[in-house]
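The file input25.txt contains compact mmCIF, C-alpha atoms:
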# COMPACT_ATOMS: atom_id res chain seq x y z
CA MET N 1 7.32 29.22 25.27
CA LYS N 2 5.45 26.24 26.64
CA VAL N 3 7.69 23.17 26.70
CA ILE N 4 5.99 19.82 27.15
CA CYS N 5 7.89 16.57 27.51
CA VAL N 6 6.15 13.42 26.27
CA ILE N 7 7.32 10.22 27.92
CA PRO N 8 5.99 6.91 26.56
CA ALA N 9 6.28 4.17 29.15
CA TYR N 10 5.59 0.46 29.23
CA ASN N 11 6.26 -1.45 32.46
CA GLU N 12 8.61 1.26 33.68
CA ALA N 13 7.58 1.32 37.34
CA ASP N 14 11.24 1.03 38.38
CA ASN N 15 12.35 4.08 36.39
CA ILE N 16 9.44 6.40 35.65
CA GLY N 17 9.45 8.18 39.04
CA LEU N 18 13.16 8.95 38.74
CA VAL N 19 12.80 10.12 35.13
CA ILE N 20 9.92 12.46 36.04
CA ASP N 21 11.88 13.89 38.99
CA LYS N 22 14.83 14.66 36.72
CA VAL N 23 12.82 16.11 33.82
CA LYS N 24 10.21 18.11 35.78
CA PRO N 25 12.39 21.12 36.74
CA LEU N 26 13.48 21.57 33.09
CA VAL N 27 10.09 21.72 31.32
CA ASP N 28 6.67 23.32 31.82
CA GLU N 29 4.72 20.09 31.73
CA ILE N 30 5.19 16.35 31.46
CA ILE N 31 2.84 13.93 29.75
CA VAL N 32 3.31 10.24 30.49
CA ILE N 33 1.65 7.78 28.15
CA ASP N 34 1.30 4.46 29.92
CA ASP N 35 1.06 1.90 27.12
CA ALA N 36 -1.13 -0.54 29.08
CA SER N 37 1.59 -1.48 31.53
CA ARG N 38 1.06 -4.42 33.85
CA ASP N 39 2.90 -2.70 36.69
CA ASP N 40 2.39 0.55 38.62
CA THR N 41 3.78 2.90 35.96
CA LEU N 42 0.57 4.96 35.76
CA LYS N 43 0.10 5.12 39.53
CA ILE N 44 3.65 6.34 40.08
CA ALA N 45 3.37 8.96 37.33
CA LEU N 46 0.06 10.27 38.70
CA ALA N 47 1.52 10.41 42.20
CA ARG N 48 4.22 12.76 40.84
CA GLY N 49 1.50 15.23 39.79
CA VAL N 50 2.09 15.03 36.05
CA THR N 51 -0.43 14.41 33.29
CA ALA N 52 -0.59 10.66 32.78
CA VAL N 53 -2.96 8.76 30.52
CA ARG N 54 -3.25 5.09 29.83
CA HIS N 55 -3.73 3.16 26.61
CA ILE N 56 -6.40 0.51 27.02
CA ILE N 57 -4.27 -1.96 25.09
CA ASN N 58 -0.56 -2.09 24.43
CA ARG N 59 0.16 -0.56 21.01
CA GLY N 60 3.89 0.17 21.03
CA GLN N 61 6.15 3.16 21.40
CA GLY N 62 5.15 4.79 18.11
CA ALA N 63 1.47 4.72 19.08
CA SER N 64 2.28 6.16 22.52
CA LEU N 65 4.26 9.00 20.99
CA ARG N 66 1.39 9.71 18.61
CA THR N 67 -1.07 9.94 21.54
CA GLY N 68 1.37 12.01 23.60
CA THR N 69 2.21 14.42 20.80
CA GLN N 70 -1.49 14.99 20.08
CA LEU N 71 -2.19 15.63 23.77
CA ALA N 72 0.73 18.03 23.98
CA LEU N 73 -0.56 19.93 20.95
CA ASP N 74 -4.05 20.04 22.52
CA LYS N 75 -2.47 21.53 25.63
CA GLY N 76 -0.90 24.29 23.56
CA ALA N 77 2.73 23.15 23.54
CA ASP N 78 5.18 25.33 21.62
CA ILE N 79 7.94 22.79 21.98
CA ILE N 80 7.41 19.04 22.33
CA ILE N 81 10.16 16.80 23.62
CA HIS N 82 10.13 13.03 23.07
CA PHE N 83 11.94 11.35 25.94
CA ASP N 84 12.22 7.71 27.01
CA GLY N 85 10.90 6.43 30.31
CA ASP N 86 13.72 3.95 30.94
CA ASP N 87 16.20 6.47 32.40
CA GLN N 88 18.72 6.03 29.58
CA PHE N 89 18.53 9.60 28.26
CA GLN N 90 19.96 12.37 30.42
CA ALA N 91 17.52 15.08 31.43
CA SER N 92 20.48 17.47 31.71
CA ASP N 93 20.65 17.43 27.88
CA ILE N 94 17.16 18.98 27.57
CA PRO N 95 18.25 22.67 27.73
CA GLU N 96 20.73 22.10 24.87
CA MET N 97 18.08 20.22 22.89
CA ILE N 98 15.49 22.99 23.03
CA LYS N 99 17.93 25.90 22.58
CA PRO N 100 17.92 25.87 18.73
CA LEU N 101 14.09 25.89 18.79
CA ILE N 102 13.89 28.78 21.26
CA ASN N 103 16.40 30.75 19.15
CA ASN N 104 14.41 29.90 16.01
CA GLU N 105 17.47 28.24 14.46
CA ALA N 106 15.67 24.94 13.83
CA ASP N 107 12.23 23.31 13.57
CA ALA N 108 13.35 19.95 14.91
CA VAL N 109 16.30 18.93 17.07
CA LEU N 110 17.56 15.36 17.19
CA GLY N 111 19.81 14.00 19.90
CA SER N 112 22.93 12.30 18.60
CA ARG N 113 25.08 9.76 20.40
CA PHE N 114 27.90 10.29 17.93
CA LEU N 115 28.81 13.97 18.21
CA GLY N 116 31.34 13.96 20.99
CA LYS N 117 29.48 13.26 24.21
CA GLU N 118 30.29 9.91 25.74
CA SER N 119 27.67 7.10 25.60
CA ASN N 120 28.19 3.50 26.62
CA LEU N 121 26.79 2.26 23.33
CA PRO N 122 27.29 -1.52 22.85
CA LYS N 123 30.13 -2.17 20.37
CA THR N 124 28.06 -4.13 17.85
CA LYS N 125 25.50 -1.35 17.83
CA LYS N 126 28.16 1.33 17.38
CA ASN N 127 30.18 -0.48 14.71
CA ILE N 128 27.62 -2.59 12.81
CA ILE N 129 23.97 -1.67 13.39
CA MET N 130 24.30 2.14 13.38
CA PRO N 131 26.55 2.37 10.28
CA LEU N 132 24.10 0.06 8.52
CA ALA N 133 21.14 2.24 9.55
CA ARG N 134 23.05 5.35 8.41
CA PHE N 135 23.74 3.70 5.06
CA ILE N 136 20.06 2.70 4.57
CA ASN N 137 18.90 6.23 5.43
CA ARG N 138 21.34 7.74 2.95
CA LEU N 139 20.57 5.25 0.21
CA PHE N 140 16.76 5.22 0.38
CA PHE N 141 15.86 8.60 1.90
CA ASP N 142 18.95 10.74 1.23
CA ILE N 143 19.05 11.57 4.94
CA ARG N 144 22.53 12.26 6.27
CA LEU N 145 22.56 12.18 10.06
CA SER N 146 25.17 10.99 12.53
CA ASP N 147 22.50 9.20 14.59
CA PRO N 148 19.67 7.71 12.54
CA GLN N 149 17.90 5.97 15.42
CA SER N 150 17.76 8.44 18.27
CA GLY N 151 14.49 8.61 20.18
CA PHE N 152 15.43 11.83 21.98
CA ARG N 153 14.04 14.70 19.90
CA ALA N 154 12.53 18.16 20.33
CA LEU N 155 9.97 19.51 17.90
CA SER N 156 8.52 22.92 17.28
CA ARG N 157 4.73 23.15 17.32
CA THR N 158 4.61 23.56 13.54
CA SER N 159 6.80 20.56 12.82
CA ALA N 160 4.75 18.45 15.30
CA LEU N 161 1.50 19.55 13.65
CA ASN N 162 2.76 18.35 10.28
CA LEU N 163 3.99 15.05 11.67
CA LYS N 164 1.87 11.96 11.09
CA ILE N 165 3.24 9.02 13.04
CA GLU N 166 1.74 5.96 11.35
CA ASN N 167 3.96 3.21 12.72
CA ASP N 168 2.96 1.87 16.12
CA GLY N 169 6.22 0.07 16.76
CA MET N 170 9.85 1.05 16.64
CA ALA N 171 9.74 2.00 12.95
CA HIS N 172 8.34 5.39 14.03
CA CYS N 173 11.91 6.61 14.47
CA SER N 174 12.80 6.27 10.77
CA GLU N 175 9.33 7.48 9.83
CA ILE N 176 9.69 10.68 11.87
CA LEU N 177 13.10 11.38 10.33
CA TYR N 178 11.75 10.88 6.85
CA GLN N 179 8.77 13.17 7.46
CA LEU N 180 10.84 15.89 9.09
CA PHE N 181 13.01 16.10 5.99
CA LYS N 182 10.12 15.67 3.58
CA ASN N 183 8.25 18.55 5.26
CA LYS N 184 11.34 20.72 4.72
CA ASN N 185 11.94 21.32 8.42
CA ARG N 186 15.22 22.78 9.57
CA VAL N 187 16.73 19.78 11.36
CA VAL N 188 19.80 20.00 13.57
CA GLU N 189 21.59 17.43 15.68
CA VAL N 190 22.75 18.05 19.21
CA PRO N 191 25.17 15.80 21.13
CA ILE N 192 23.55 13.77 23.91
CA THR N 193 24.66 11.14 26.39
CA VAL N 194 22.85 7.84 26.65
CA ILE N 195 23.51 5.47 29.52
CA TYR N 196 22.48 1.98 28.44
CA HIS N 197 21.03 -0.35 31.05
CA ASP N 198 20.53 -3.12 28.52
CA TYR N 199 21.36 -3.83 24.87
CA GLY N 200 18.04 -2.55 23.55
CA GLN N 201 17.05 -3.22 19.99
CA LYS N 202 18.86 -6.09 18.26
CA ILE N 203 19.41 -6.99 14.58
CA GLY N 204 15.99 -8.75 14.54
CA GLY N 205 14.40 -5.50 15.69
CA GLY N 206 16.12 -3.68 12.83
CA LEU N 207 14.74 -6.13 10.31
CA LYS N 208 11.27 -5.73 11.82
CA ILE N 209 11.57 -1.96 11.33
CA ILE N 210 12.32 -2.45 7.61
CA LYS N 211 9.38 -4.87 7.32
CA ASP N 212 7.01 -2.49 9.16
CA LEU N 213 8.03 0.45 6.97
CA PHE N 214 7.40 -1.66 3.87
CA ILE N 215 3.95 -2.82 5.05
CA GLN N 216 3.06 0.74 6.07
CA LYS N 217 3.95 1.97 2.61
CA LEU N 218 1.67 -0.65 1.06
CA ILE N 219 -1.41 -0.02 3.18
CA ASN N 220 -1.21 3.76 2.82
CA MET X 1 -8.29 -44.25 -12.81
CA LEU X 2 -9.15 -45.06 -9.18
CA GLN X 3 -7.35 -41.89 -8.06
CA GLN X 4 -9.38 -39.86 -10.53
CA ILE X 5 -12.66 -41.34 -9.23
CA LEU X 6 -11.66 -40.58 -5.64
CA ALA X 7 -10.74 -37.02 -6.59
CA LEU X 8 -14.07 -36.59 -8.38
CA LEU X 9 -15.94 -37.86 -5.32
CA VAL X 10 -14.12 -35.38 -3.08
CA ILE X 11 -14.90 -32.52 -5.48
CA ALA X 12 -18.54 -33.63 -5.74
CA PHE X 13 -18.77 -33.61 -1.95
CA PHE X 14 -17.43 -30.05 -1.75
CA LEU X 15 -19.67 -28.87 -4.59
CA LEU X 16 -22.75 -30.25 -2.81
CA ARG X 17 -21.60 -28.67 0.44
CA LEU X 18 -21.15 -25.38 -1.39
CA LEU X 19 -24.68 -25.54 -2.80
CA SER X 20 -26.06 -26.36 0.61
CA GLN X 21 -24.20 -23.37 2.15
CA LYS X 22 -25.60 -21.12 -0.57
CA ASN X 23 -29.15 -22.39 0.03
CA LYS X 24 -28.80 -21.82 3.76
CA LYS X 25 -27.41 -18.33 3.00
CA GLN X 26 -24.25 -19.07 4.95
CA ILE X 27 -22.14 -17.52 2.19
CA ASN X 28 -22.82 -14.56 -0.08
CA GLY X 29 -23.08 -14.61 -3.88
CA ASN X 30 -19.49 -13.55 -4.51
CA GLU X 31 -18.06 -16.18 -2.19
CA PHE X 32 -20.26 -18.81 -3.80
CA LEU X 33 -19.07 -17.82 -7.26
CA LEU X 34 -15.41 -17.83 -6.23
CA TRP X 35 -15.58 -21.33 -4.73
CA LEU X 36 -17.77 -22.60 -7.55
CA ILE X 37 -15.15 -21.54 -10.10
CA PHE X 38 -12.39 -23.04 -7.96
CA TRP X 39 -14.08 -26.45 -7.70
CA LEU X 40 -15.13 -26.46 -11.37
CA VAL X 41 -11.54 -25.77 -12.39
CA ALA X 42 -10.43 -28.60 -10.11
CA LEU X 43 -13.10 -30.84 -11.67
CA GLY X 44 -11.88 -29.99 -15.17
CA ALA X 45 -8.28 -30.59 -14.15
CA VAL X 46 -9.09 -34.06 -12.83
CA ILE X 47 -11.20 -35.03 -15.88
CA PHE X 48 -8.69 -33.71 -18.43
CA ILE X 49 -5.55 -34.70 -16.55
CA LYS X 50 -3.98 -36.47 -19.59
CA GLN X 51 -4.58 -33.53 -21.91
CA ILE X 52 -3.10 -31.17 -19.30
CA ASP X 53 -0.06 -33.48 -19.02
CA THR X 54 0.38 -33.23 -22.80
CA LEU X 55 -0.03 -29.46 -22.72
CA VAL X 56 2.47 -29.08 -19.88
CA ALA X 57 5.02 -31.25 -21.74
CA TRP X 58 4.43 -29.23 -24.92
CA LEU X 59 5.10 -26.00 -22.93
CA GLY X 60 8.46 -27.47 -21.99
CA PHE X 61 7.87 -28.33 -18.31
CA SER X 62 9.46 -31.60 -17.26
CA GLY X 63 7.10 -32.34 -14.35
CA SER X 64 3.61 -33.71 -14.58
CA ALA X 65 0.44 -31.62 -14.48
CA ILE X 66 -0.03 -32.41 -10.81
CA ASN X 67 3.38 -30.88 -10.03
CA ILE X 68 2.46 -27.69 -11.87
CA PHE X 69 -0.81 -27.51 -9.93
CA VAL X 70 1.05 -27.89 -6.66
CA TYR X 71 3.41 -25.03 -7.63
CA LEU X 72 0.44 -22.85 -8.54
CA VAL X 73 -1.32 -23.67 -5.29
CA VAL X 74 1.82 -22.79 -3.30
CA LEU X 75 2.04 -19.46 -5.14
CA ALA X 76 -1.65 -18.81 -4.48
CA LEU X 77 -1.14 -19.57 -0.78
CA ILE X 78 1.84 -17.20 -0.55
CA TYR X 79 -0.26 -14.49 -2.17
CA GLN X 80 -3.11 -15.17 0.26
CA VAL X 81 -0.78 -14.93 3.27
CA PHE X 82 0.54 -11.64 1.94
CA ARG X 83 -3.01 -10.29 1.48
CA MET X 84 -3.89 -11.41 4.99
CA ARG X 85 -0.79 -9.63 6.36
CA LEU X 86 -1.95 -6.41 4.73
CA THR X 87 -5.48 -6.85 6.07
CA ILE X 88 -4.14 -7.42 9.57
CA ALA X 89 -1.93 -4.33 9.26
CA LYS X 90 -4.98 -2.24 8.34
CA MET X 91 -6.92 -3.67 11.27
CA GLU X 92 -4.00 -2.94 13.62
CA LYS X 93 -3.97 0.64 12.38
CA ASN X 94 -7.69 0.99 13.06
CA ILE X 95 -7.28 -0.49 16.55
CA SER X 96 -4.54 2.05 17.29
CA THR X 97 -6.75 4.89 16.07
CA LEU X 98 -9.58 3.74 18.37
CA ASN X 99 -7.15 3.23 21.23
CA GLN X 100 -5.85 6.78 20.88
CA ALA X 101 -9.35 8.25 20.60
CA LEU X 102 -10.46 6.45 23.77
CA THR X 103 -7.31 7.46 25.64
CA LEU X 104 -7.67 11.13 24.75
CA LYS X 105 -11.43 11.14 25.42
CA LYS X 106 -11.06 10.15 29.06
The structure given in the file should be rewritten as structure tokens.
Amino acid sequence: MKVICVIPAYNEADNIGLVIDKVKPLVDEIIVIDDASRDDTLKIALARGVTAVRHIINRGQGASLRTGTQLALDKGADIIIHFDGDDQFQASDIPEMIKPLINNEADAVLGSRFLGKESNLPKTKKNIIMPLARFINRLFFDIRLSDPQSGFRALSRTSALNLKIENDGMAHCSEILYQLFKNKNRVVEVPITVIYHDYGQKIGGGLKIIKDLFIQKLIN
Amino acid sequence: MLQQILALLVIAFFLLRLLSQKNKKQINGNEFLLWLIFWLVALGAVIFIKQIDTLVAWLGFSGSAINIFVYLVVLALIYQVFRMRLTIAKMEKNISTLNQALTLKK
């Protein structure tokens, strides 16, 4: 089975080399999508001998994942992993993430920060933002997951083919979840560890996600 | 009365400007019609301001006709901003599609 890891990166020159070095032994191929970085992200990725392409203009993480997923499908991927370029996810979790797909026990695997493995999640995120996101997902989409905003996921070829990422920004996360369930994929969660280097998305970012999802719904 | 005359002069100026733009083919027929209706409505509102005041009072609004117009204009502006937001979102989507096509073509 051909496993391709898609890594969207924007101004990640400090981390991308390290991330590639950690992920490379665990997958068949890596695709880095440089989202028009102003630093040497692309140069560093190319120097590591992986496939790296560059967006002409910065379009956001959702757009990068869309490009990367399409490229991975074009390259014949059987399993596509979405992984961040900021060295917060642990490459050592990859084998556990792809195991249910290899064993044909699932069509999509989502990493969860709330299933036992230790993550240094900021307290406000753990106790306010995440429960709120869980509640919104249950209320509006009837999706019951322990981690509603995890960007670490592994998809089978079929589930990736049926996925249409419309949101360019961070709302892609909720959008992907919604589509995975809507397309009747077998979705499982696997515990992962996330080491936070910074706070990441704040309350304002969460509100922007809701606004983006609403606008997306209107223009479609 | 003086305020009404001033308002009529302003509207007349914009109507003449509109006609000139139409003659110079700077705007298309639909745009011309839209703005023509807008300025004619404004003209009517200024000429029949007292009757509108009476109508507004009869409908139970406590403010004057001008106040009601201001509220309507604010609502129209909010609607316009919303429409523009949707248009921008569509354009953003198209830009992303082009961006992806160019990236994958290389």
Using all atoms listed in the file, find the residues of chain X whose closest atom to chain N is at most 7 Å away, then write them as a PyMOL selection string. chain X and resi 86+90+96+99-100+103
Can you list, as a PyMOL selection string, every protein, DNA or RNA residue that comes within 12 Å of range 135-146 of chain N when you count all atoms listed in the file, leaving out same-chain residues fewer than 4 positions away? chain N and resi 109-116+126+128-131+150+173-182+184+187-192+206-207+209-210+213
From the list X:Leu2, X:Leu33, X:Leu104, X:Ile66, which residue is nearest Ala45 in chain X when using all atoms listed in the file? X:Ile66
Would you compute the distance between CA of Val27 in chain N and CA of Val3 in chain N? Give it in Å to one decimal. 5.4 Å
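The spacing separating CA of Phe83 in chain N from CA of Glu92 in chain X amounts to 24.7 Å.
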